[in-house]
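Okay, structure first, notes after.
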Amino acid sequence: MSGTTEKKIRALIVDDEDLARLVLRELVKTHPEIEVAAECGNGFEAVKAVAEHKPDLIFLDVQMPKLSGFDVLELIGTETAVIFVTAYDQYAMRAFEVHAVDYLLKPIGRDRFEAALERAKSRIGDKLPAAPAAPDLAAAARAPKQFLERIVVRDGTKVTLIPAAKLDYAEAQDDYVALASEGKKHLKQQTIASLEACLDPDRFVRIHRSYLLNFERVVRIEPYGKDSRLAILADGTRLPVSKSGYARLKTLLDQRT
Amino acid sequence: MHPLLKPISRYVIYLSAWSPLAGILIYLMAEPGKLGWWNATALIIPLCLVYQFVCLSAWYTCKAAPLRTAPVFRTRTMHLAAAVIISFLWVELARLLAYGLAQFQSFQGLDARFKPQVPVLFGLGFLLYLLSVAFHYVVLALDDSSKAEARALETSIFARDAELKALKAQVNPHFLFNSLNSISAFTSVDPTKAREMCILLAEFLRMTLGLGEKTSVPLSEELSLLHRYLAIEKVRFGSRLQMEEDMTEVSSAIQLPPLLLQPLVENAVTHGIANLPEGGTVKLSGHGHNGRVSLAVENTFDSDSTPTHKGGLGLKNVRQRLEARYGKEATMRVSAEEGKFRVELSFPAEVAEVKN
C-alpha cells in the first residue's frame, strides 16, 4: 500500500439512477478510508461537484441524460481517478483501454469492486503519469465514421452544449480552441486538429492552420494579398484562408455542386 | 412447355423472324434457281410454314444437352445428325410438293426444274436448323439467368424474414443488465421489492420469447407486456418516468403483429425519458374508427439535444413489419414537435376468429 490510509480518499458517486447509486454507496460503506464527498444524479452536477470537492476518485456512470460519463471526463480533465460504471457499452471498452483506472459492469460484484478500488488506490498514491488531454482521448475512443453532434464546453462550473450545426467556426489559441457560436465565443482546452477529427468533414473544413470553418456559414470568398484569401461569413466575420485551405474549401464546394 | 409457344406474343415474334428468311429462300429459288417468282413463292411458303414448326423441336435436343454440362463431341454429333436427318426429310417433302404442284397447269414442269435446286435447299435447311439450335441455346441461357435472379430475390426475402424474426425476439441488453442491477440493489434494502422485480422481469422475458413465434396477438396481450416493461423501467427511473394510457376507444381484441408497440415504448424510454434529467411522460393511446385502428406512443423528449436519427433501428423495424403485414393499408407517422415525440400507427382492424 502506498500510505494513503492516513488521509481519506474523497470519492464522488455519479449515476442518474437512485438504485445504482445505492449499490455503490453500500459497496463503499465497508471501506472507512473512503469518504463519499457527494452523490450526483447527472453530469452537470458532477462537473460542479468536481470543482467544489476536488475528489480523488469518481465512480462515473456512462449513460446519463444530456452529459454522458465521457462528456464529464472530457470536461474535468485527467487529474482525478475515474472508475466507469456501465450496464453494457461496446464503445466504452475502448475508452477504458486508453484512460480509465478501471470499469465496472452492472450488476456490480463485490470482488470486482474491490479489485477496481485497489487499482484506484495505487493510482491515487502514485503521481499520475502525464496523460493526453481528455478531449483528445475522447476523440481517440470515438467509433470511426461517427462524428460529434455536439461539443461540450466548461466555463468554471457552468457547462454549455454547442450543437455542431450551431458552431460557426473554431479558432486555435495556444492550447485552446475558441468556439464561435451564436455570437459568443467559448474556450475549450483541446487542439484544433483533434476537434477537426471529431467533426463531420463534409461540414467543417480547415481553411487555415488556426481556423476550422463551418462550411454552411460562408457567404463569399475574396482575394487578399498574394496567395491568400478571406472567407466572409453570414454575420460579417472575416477569416483568413490559406492556399491549401482554399484547395480544401474548393474540393468541398465541388462535392456539393 | 416450349418457351416460344407459351405466351402467344413470343410465337408471333418468332414467326416474324422467319418471314425475311422465307423471303431470301423465295429469291434464291426464283432468280438464281430460275423457278420464276410465282412458282418459287408457291413452293417455299408452305415449306417454310412446316419448317419453322420443325425447327422448334431443337428445343428438346438443346435441353437434353445443356452447353455447360454435356460433352462437347456428343452434343455436336447429335445436333449435326439431327440437322442432316431433318433437312433430308424437308427436301423430300419439297420434292413431293413440287411433284404435286406440277400436276397443275400453271406449275407445269416444276418438279423437273426444281431437281437441280435440291442440294441448295438441303444446304439451306441444314444451316437453318443449326441456326435454330443456336437460337434455342440463347433462349435457354436467358431462361436460366432469370431463374437465378428469381432465386436470389427469394433468398433475400427469406433473409429479411429471418432478420425481422431475430429483431422481434431481441431483448435490449441495456435493459436486461440495468434491471439486474436494480434487483441487486433491492436485495439488501428491500428483499420483497427484489422478488417482485425478479418476477416482473421473468414474466416480461417469458412473454417476449413466446411472442416471437406468433404472427399476431390481441392488443390486450401486447399491452400487458408493455405494462410489465414499463413497471420495470419505472423502478429504475422512479419519479422521472410518468405513464399515461388511454385505450378505452379501441377494442382489446384487435389483432396486431407481436411486439409492434414494444420497440416504440422502449425508444420512448431510452431516447426520450432517459435523456431528460427531470424525466417526462410516456403516453399510450388508441382509437378505432371505420374498420381501422390507430395506436400512438408519445413521449417527452429533449428538443435541445440533436434529434435522434429519425430512421432509428427500432422505428425502421416497426415500419418494415407494418409494411410486410398490411402493405399500403398501413401508415406510420413520426413527429417531433414542442418537446413531444410521437409515433402513430394506423392499420386495418382485424379480430381473430373465436376458436372453440
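Letters A, B, ... mark the chains of the C-alpha cells in the order given; residue numbers begin at 1 per chain; ligand numbers begin at 1, in order shown.
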Select from stretch 71-258 of chain B everything DSSP, run on the backbone, classes as helix (DSSP H, G or I), then give the selection as an MDAnalysis selection string. chainID B and resid 72:102 105:107 110:168 173:189 191:211 219:240
Same residues, C-alpha atoms, output as a short mmCIF file (atom, residue, chain, number, x, y, z; two decimals), in the first residue's frame:
```
data_model
loop_
_atom_site.label_atom_id
_atom_site.label_comp_id
_atom_site.auth_asym_id
_atom_site.auth_seq_id
_atom_site.Cartn_x
_atom_site.Cartn_y
_atom_site.Cartn_z
CA VAL B 72 -18.93 -31.22 -76.49
CA PHE B 73 -18.33 -34.01 -79.01
CA ARG B 74 -21.57 -35.80 -78.28
CA THR B 75 -23.56 -32.56 -78.39
CA ARG B 76 -22.05 -31.59 -81.72
CA THR B 77 -22.65 -35.01 -83.28
CA MET B 78 -26.20 -35.10 -82.06
CA HIS B 79 -27.11 -31.68 -83.47
CA LEU B 80 -25.35 -32.33 -86.78
CA ALA B 81 -27.09 -35.67 -87.19
CA ALA B 82 -30.44 -34.10 -86.37
CA ALA B 83 -29.76 -31.32 -88.89
CA VAL B 84 -28.93 -33.85 -91.64
CA ILE B 85 -31.98 -36.02 -90.99
CA ILE B 86 -34.40 -33.13 -90.66
CA SER B 87 -33.21 -31.28 -93.75
CA PHE B 88 -33.27 -34.55 -95.72
CA LEU B 89 -36.90 -35.07 -94.73
CA TRP B 90 -37.63 -31.43 -95.55
CA VAL B 91 -36.12 -31.73 -99.02
CA GLU B 92 -38.11 -34.92 -99.66
CA LEU B 93 -41.24 -33.03 -98.66
CA ALA B 94 -40.23 -30.25 -101.08
CA ARG B 95 -39.84 -32.78 -103.89
CA LEU B 96 -43.26 -34.22 -103.14
CA LEU B 97 -44.77 -30.74 -103.08
CA ALA B 98 -43.10 -29.80 -106.38
CA TYR B 99 -44.39 -33.00 -107.92
CA GLY B 100 -47.88 -32.29 -106.65
CA LEU B 101 -47.84 -28.70 -107.90
CA ALA B 102 -46.56 -29.81 -111.31
CA GLN B 105 -51.35 -26.08 -115.44
CA SER B 106 -49.50 -23.05 -114.11
CA PHE B 107 -46.78 -25.12 -112.39
CA LEU B 110 -41.89 -27.60 -111.66
CA ASP B 111 -40.64 -30.95 -110.39
CA ALA B 112 -38.09 -31.16 -113.21
CA ARG B 113 -36.96 -27.55 -112.84
CA PHE B 114 -36.74 -27.95 -109.04
CA LYS B 115 -34.49 -31.02 -109.25
CA PRO B 116 -31.17 -29.12 -109.65
CA GLN B 117 -32.10 -26.93 -106.64
CA VAL B 118 -32.42 -29.89 -104.26
CA PRO B 119 -28.80 -29.72 -102.94
CA VAL B 120 -29.17 -25.93 -102.42
CA LEU B 121 -32.35 -26.39 -100.42
CA PHE B 122 -30.76 -29.21 -98.45
CA GLY B 123 -27.80 -26.97 -97.53
CA LEU B 124 -30.09 -24.14 -96.54
CA GLY B 125 -32.29 -26.43 -94.45
CA PHE B 126 -29.19 -27.74 -92.71
CA LEU B 127 -27.98 -24.21 -91.89
CA LEU B 128 -31.44 -23.06 -90.78
CA TYR B 129 -31.73 -25.95 -88.38
CA LEU B 130 -28.32 -25.19 -86.85
CA LEU B 131 -29.33 -21.53 -86.56
CA SER B 132 -32.40 -22.66 -84.68
CA VAL B 133 -30.21 -24.75 -82.35
CA ALA B 134 -28.05 -21.69 -81.58
CA PHE B 135 -31.15 -19.57 -81.03
CA HIS B 136 -32.60 -22.09 -78.60
CA TYR B 137 -29.37 -22.18 -76.60
CA VAL B 138 -29.65 -18.39 -76.22
CA VAL B 139 -33.25 -18.69 -75.02
CA LEU B 140 -32.16 -21.40 -72.57
CA ALA B 141 -29.40 -19.19 -71.17
CA LEU B 142 -31.78 -16.26 -70.74
CA ASP B 143 -34.23 -18.53 -69.01
CA ASP B 144 -31.55 -19.77 -66.62
CA SER B 145 -30.43 -16.29 -65.69
CA SER B 146 -33.94 -15.08 -64.98
CA LYS B 147 -34.47 -18.17 -62.84
CA ALA B 148 -31.27 -17.41 -60.96
CA GLU B 149 -32.49 -13.87 -60.42
CA ALA B 150 -35.78 -15.09 -59.03
CA ARG B 151 -33.91 -17.43 -56.71
CA ALA B 152 -31.69 -14.59 -55.48
CA LEU B 153 -34.77 -12.48 -54.82
CA GLU B 154 -36.38 -15.31 -52.93
CA THR B 155 -33.25 -15.77 -50.82
CA SER B 156 -33.14 -12.10 -49.93
CA ILE B 157 -36.78 -12.20 -48.89
CA PHE B 158 -36.06 -15.19 -46.67
CA ALA B 159 -33.07 -13.37 -45.19
CA ARG B 160 -35.23 -10.37 -44.37
CA ASP B 161 -37.83 -12.55 -42.77
CA ALA B 162 -35.18 -14.13 -40.60
CA GLU B 163 -33.82 -10.72 -39.69
CA LEU B 164 -37.24 -9.49 -38.68
CA LYS B 165 -37.77 -12.58 -36.61
CA ALA B 166 -34.48 -12.01 -34.85
CA LEU B 167 -35.38 -8.38 -34.18
CA LYS B 168 -38.70 -9.43 -32.77
CA PRO B 173 -29.03 -5.87 -23.25
CA HIS B 174 -29.01 -2.42 -21.60
CA PHE B 175 -32.46 -3.09 -20.29
CA LEU B 176 -31.55 -6.53 -19.03
CA PHE B 177 -28.35 -5.53 -17.22
CA ASN B 178 -29.83 -2.37 -15.73
CA SER B 179 -32.77 -4.37 -14.42
CA LEU B 180 -30.44 -6.91 -12.86
CA ASN B 181 -28.56 -4.04 -11.23
CA SER B 182 -31.80 -2.71 -9.75
CA ILE B 183 -32.60 -6.15 -8.39
CA SER B 184 -29.16 -6.42 -6.84
CA ALA B 185 -29.72 -3.03 -5.17
CA PHE B 186 -33.02 -4.17 -3.69
CA THR B 187 -31.68 -7.43 -2.26
CA SER B 188 -30.24 -5.67 0.77
CA VAL B 189 -32.63 -2.77 1.29
CA PRO B 191 -35.95 -8.02 -0.46
CA THR B 192 -39.69 -8.05 -1.21
CA LYS B 193 -39.19 -5.48 -3.94
CA ALA B 194 -36.29 -7.52 -5.27
CA ARG B 195 -38.50 -10.56 -5.57
CA GLU B 196 -41.29 -8.56 -7.22
CA MET B 197 -38.87 -7.21 -9.77
CA CYS B 198 -37.45 -10.68 -10.48
CA ILE B 199 -40.97 -11.85 -11.20
CA LEU B 200 -41.76 -8.86 -13.43
CA LEU B 201 -38.56 -9.41 -15.38
CA ALA B 202 -39.18 -13.15 -15.70
CA GLU B 203 -42.71 -12.52 -16.95
CA PHE B 204 -41.52 -9.96 -19.43
CA LEU B 205 -38.84 -12.29 -20.80
CA ARG B 206 -41.21 -15.23 -20.98
CA MET B 207 -43.79 -13.20 -22.88
CA THR B 208 -41.19 -11.77 -25.26
CA LEU B 209 -39.78 -15.20 -26.06
CA GLY B 210 -43.24 -16.68 -26.53
CA LEU B 211 -44.46 -13.87 -28.77
CA LEU B 219 -53.93 -5.86 -28.28
CA SER B 220 -54.60 -6.88 -24.67
CA GLU B 221 -51.60 -9.21 -24.75
CA GLU B 222 -49.27 -6.59 -26.21
CA LEU B 223 -50.47 -4.11 -23.59
CA SER B 224 -49.86 -6.46 -20.69
CA LEU B 225 -46.31 -6.95 -21.99
CA LEU B 226 -45.86 -3.19 -22.19
CA HIS B 227 -47.18 -2.77 -18.64
CA ARG B 228 -44.51 -5.13 -17.36
CA TYR B 229 -41.81 -3.41 -19.37
CA LEU B 230 -42.85 -0.01 -18.05
CA ALA B 231 -43.17 -1.29 -14.48
CA ILE B 232 -39.56 -2.49 -14.63
CA GLU B 233 -38.31 0.79 -16.09
CA LYS B 234 -40.36 2.69 -13.52
CA VAL B 235 -38.31 1.04 -10.81
CA ARG B 236 -35.12 2.30 -12.41
CA PHE B 237 -36.25 5.79 -13.29
CA GLY B 238 -38.53 6.37 -10.29
CA SER B 239 -40.45 9.63 -10.49
CA ARG B 240 -38.64 10.54 -13.71
#
```
Write out as a list in words all residues of stretch 117-295 of chain B that backbone DSSP assigns to strand (DSSP E or B). Val217, Pro218, Leu241, Gln242, Met243, Glu244, Glu245, Asp246, Met247, Thr248, Glu249, Ile254, Gln255, Leu256, Gly280, Thr281, Val282, Lys283, Leu284, Ser285, Gly286, His287, Gly288, His289, Arg292, Val293, Ser294 and Leu295 of chain B
Take the residues just selected and output them with N, CA and C atoms as a short mmCIF file (atom, residue, chain, number, x, y, z; two decimals), in the first residue's frame.
```cif
data_model
loop_
_atom_site.label_atom_id
_atom_site.label_comp_id
_atom_site.auth_asym_id
_atom_site.auth_seq_id
_atom_site.Cartn_x
_atom_site.Cartn_y
_atom_site.Cartn_z
N VAL B 217 -51.10 -11.10 -32.24
CA VAL B 217 -51.60 -11.25 -30.87
C VAL B 217 -52.70 -10.21 -30.66
N PRO B 218 -53.61 -10.46 -29.70
CA PRO B 218 -54.59 -9.42 -29.40
C PRO B 218 -53.91 -8.24 -28.69
N LEU B 241 -40.04 8.76 -14.57
CA LEU B 241 -40.88 8.14 -15.60
C LEU B 241 -42.35 8.19 -15.20
N GLN B 242 -43.13 8.99 -15.92
CA GLN B 242 -44.58 9.05 -15.70
C GLN B 242 -45.27 8.35 -16.86
N MET B 243 -46.40 7.69 -16.57
CA MET B 243 -47.10 6.97 -17.63
C MET B 243 -48.54 7.37 -17.73
N GLU B 244 -49.04 7.42 -18.94
CA GLU B 244 -50.45 7.68 -19.17
C GLU B 244 -50.95 6.68 -20.19
N GLU B 245 -52.21 6.30 -20.08
CA GLU B 245 -52.73 5.36 -21.06
C GLU B 245 -54.19 5.65 -21.35
N ASP B 246 -54.54 5.69 -22.62
CA ASP B 246 -55.93 5.88 -22.99
C ASP B 246 -56.27 4.91 -24.11
N MET B 247 -56.71 3.73 -23.71
CA MET B 247 -57.02 2.70 -24.69
C MET B 247 -58.50 2.35 -24.65
N THR B 248 -59.34 3.26 -24.11
CA THR B 248 -60.75 2.95 -23.95
C THR B 248 -61.49 2.95 -25.29
N GLU B 249 -60.95 3.68 -26.28
CA GLU B 249 -61.63 3.83 -27.56
C GLU B 249 -61.31 2.71 -28.54
N ILE B 254 -58.49 -6.48 -30.83
CA ILE B 254 -57.84 -6.16 -32.11
C ILE B 254 -56.53 -6.94 -32.23
N GLN B 255 -56.30 -7.49 -33.42
CA GLN B 255 -55.08 -8.27 -33.64
C GLN B 255 -53.98 -7.37 -34.22
N LEU B 256 -52.75 -7.61 -33.77
CA LEU B 256 -51.63 -6.87 -34.35
C LEU B 256 -50.37 -7.75 -34.30
N GLY B 280 -39.99 12.61 -17.73
CA GLY B 280 -41.12 13.00 -18.56
C GLY B 280 -42.18 11.92 -18.58
N THR B 281 -43.07 12.02 -19.57
CA THR B 281 -44.22 11.12 -19.61
C THR B 281 -44.22 10.29 -20.90
N VAL B 282 -44.57 9.01 -20.74
CA VAL B 282 -44.82 8.16 -21.91
C VAL B 282 -46.32 7.93 -21.98
N LYS B 283 -46.90 8.24 -23.12
CA LYS B 283 -48.35 8.12 -23.23
C LYS B 283 -48.73 7.14 -24.33
N LEU B 284 -49.58 6.18 -23.97
CA LEU B 284 -50.09 5.23 -24.96
C LEU B 284 -51.54 5.59 -25.23
N SER B 285 -51.90 5.69 -26.51
CA SER B 285 -53.30 5.95 -26.79
C SER B 285 -53.72 5.20 -28.04
N GLY B 286 -55.03 4.98 -28.15
CA GLY B 286 -55.51 4.28 -29.33
C GLY B 286 -56.98 4.55 -29.57
N HIS B 287 -57.37 4.49 -30.83
CA HIS B 287 -58.80 4.53 -31.11
C HIS B 287 -59.10 3.78 -32.40
N GLY B 288 -60.31 3.26 -32.48
CA GLY B 288 -60.74 2.53 -33.66
C GLY B 288 -61.81 3.32 -34.37
N HIS B 289 -61.80 3.27 -35.71
CA HIS B 289 -62.77 4.05 -36.46
C HIS B 289 -62.87 3.50 -37.87
N ARG B 292 -60.69 0.70 -39.05
CA ARG B 292 -59.24 0.90 -38.90
C ARG B 292 -58.94 1.15 -37.44
N VAL B 293 -57.70 0.85 -37.08
CA VAL B 293 -57.30 1.12 -35.71
C VAL B 293 -56.05 1.98 -35.76
N SER B 294 -55.96 2.91 -34.81
CA SER B 294 -54.78 3.76 -34.79
C SER B 294 -54.24 3.77 -33.36
N LEU B 295 -52.94 3.48 -33.25
CA LEU B 295 -52.29 3.39 -31.96
C LEU B 295 -51.14 4.39 -31.93
#
```
Kindly provide, as a PyMOL selection string, the residues of chain A having any atom no farther than 10 Å from an atom of chain B, counting only C-alpha atoms. chain A and resi 16-24+26+41-44+63-68+86-89+105-109+149-150+161-165
So which residues touch stretch 42-47 of chain B within 7 Å, counting only C-alpha atoms, skipping near sequence neighbours fewer than 4 positions away, as a PDB file with C-alpha atoms, in the first residue's frame?
```pdb
ATOM      1  CA  ALA B  22     -38.685 -17.117 -96.271  1.00  0.00           C
ATOM      2  CA  LEU B  25     -35.415 -18.563 -99.846  1.00  0.00           C
ATOM      3  CA  ILE B  26     -38.026 -17.408-102.377  1.00  0.00           C
ATOM      4  CA  TRP B  38     -44.759 -17.218-108.812  1.00  0.00           C
ATOM      5  CA  TYR B  51     -40.010 -25.938 -91.320  1.00  0.00           C
ATOM      6  CA  ALA B  94     -40.235 -30.248-101.082  1.00  0.00           C
ATOM      7  CA  ALA B  98     -43.103 -29.804-106.383  1.00  0.00           C
TER       8      ALA B  98
END
```
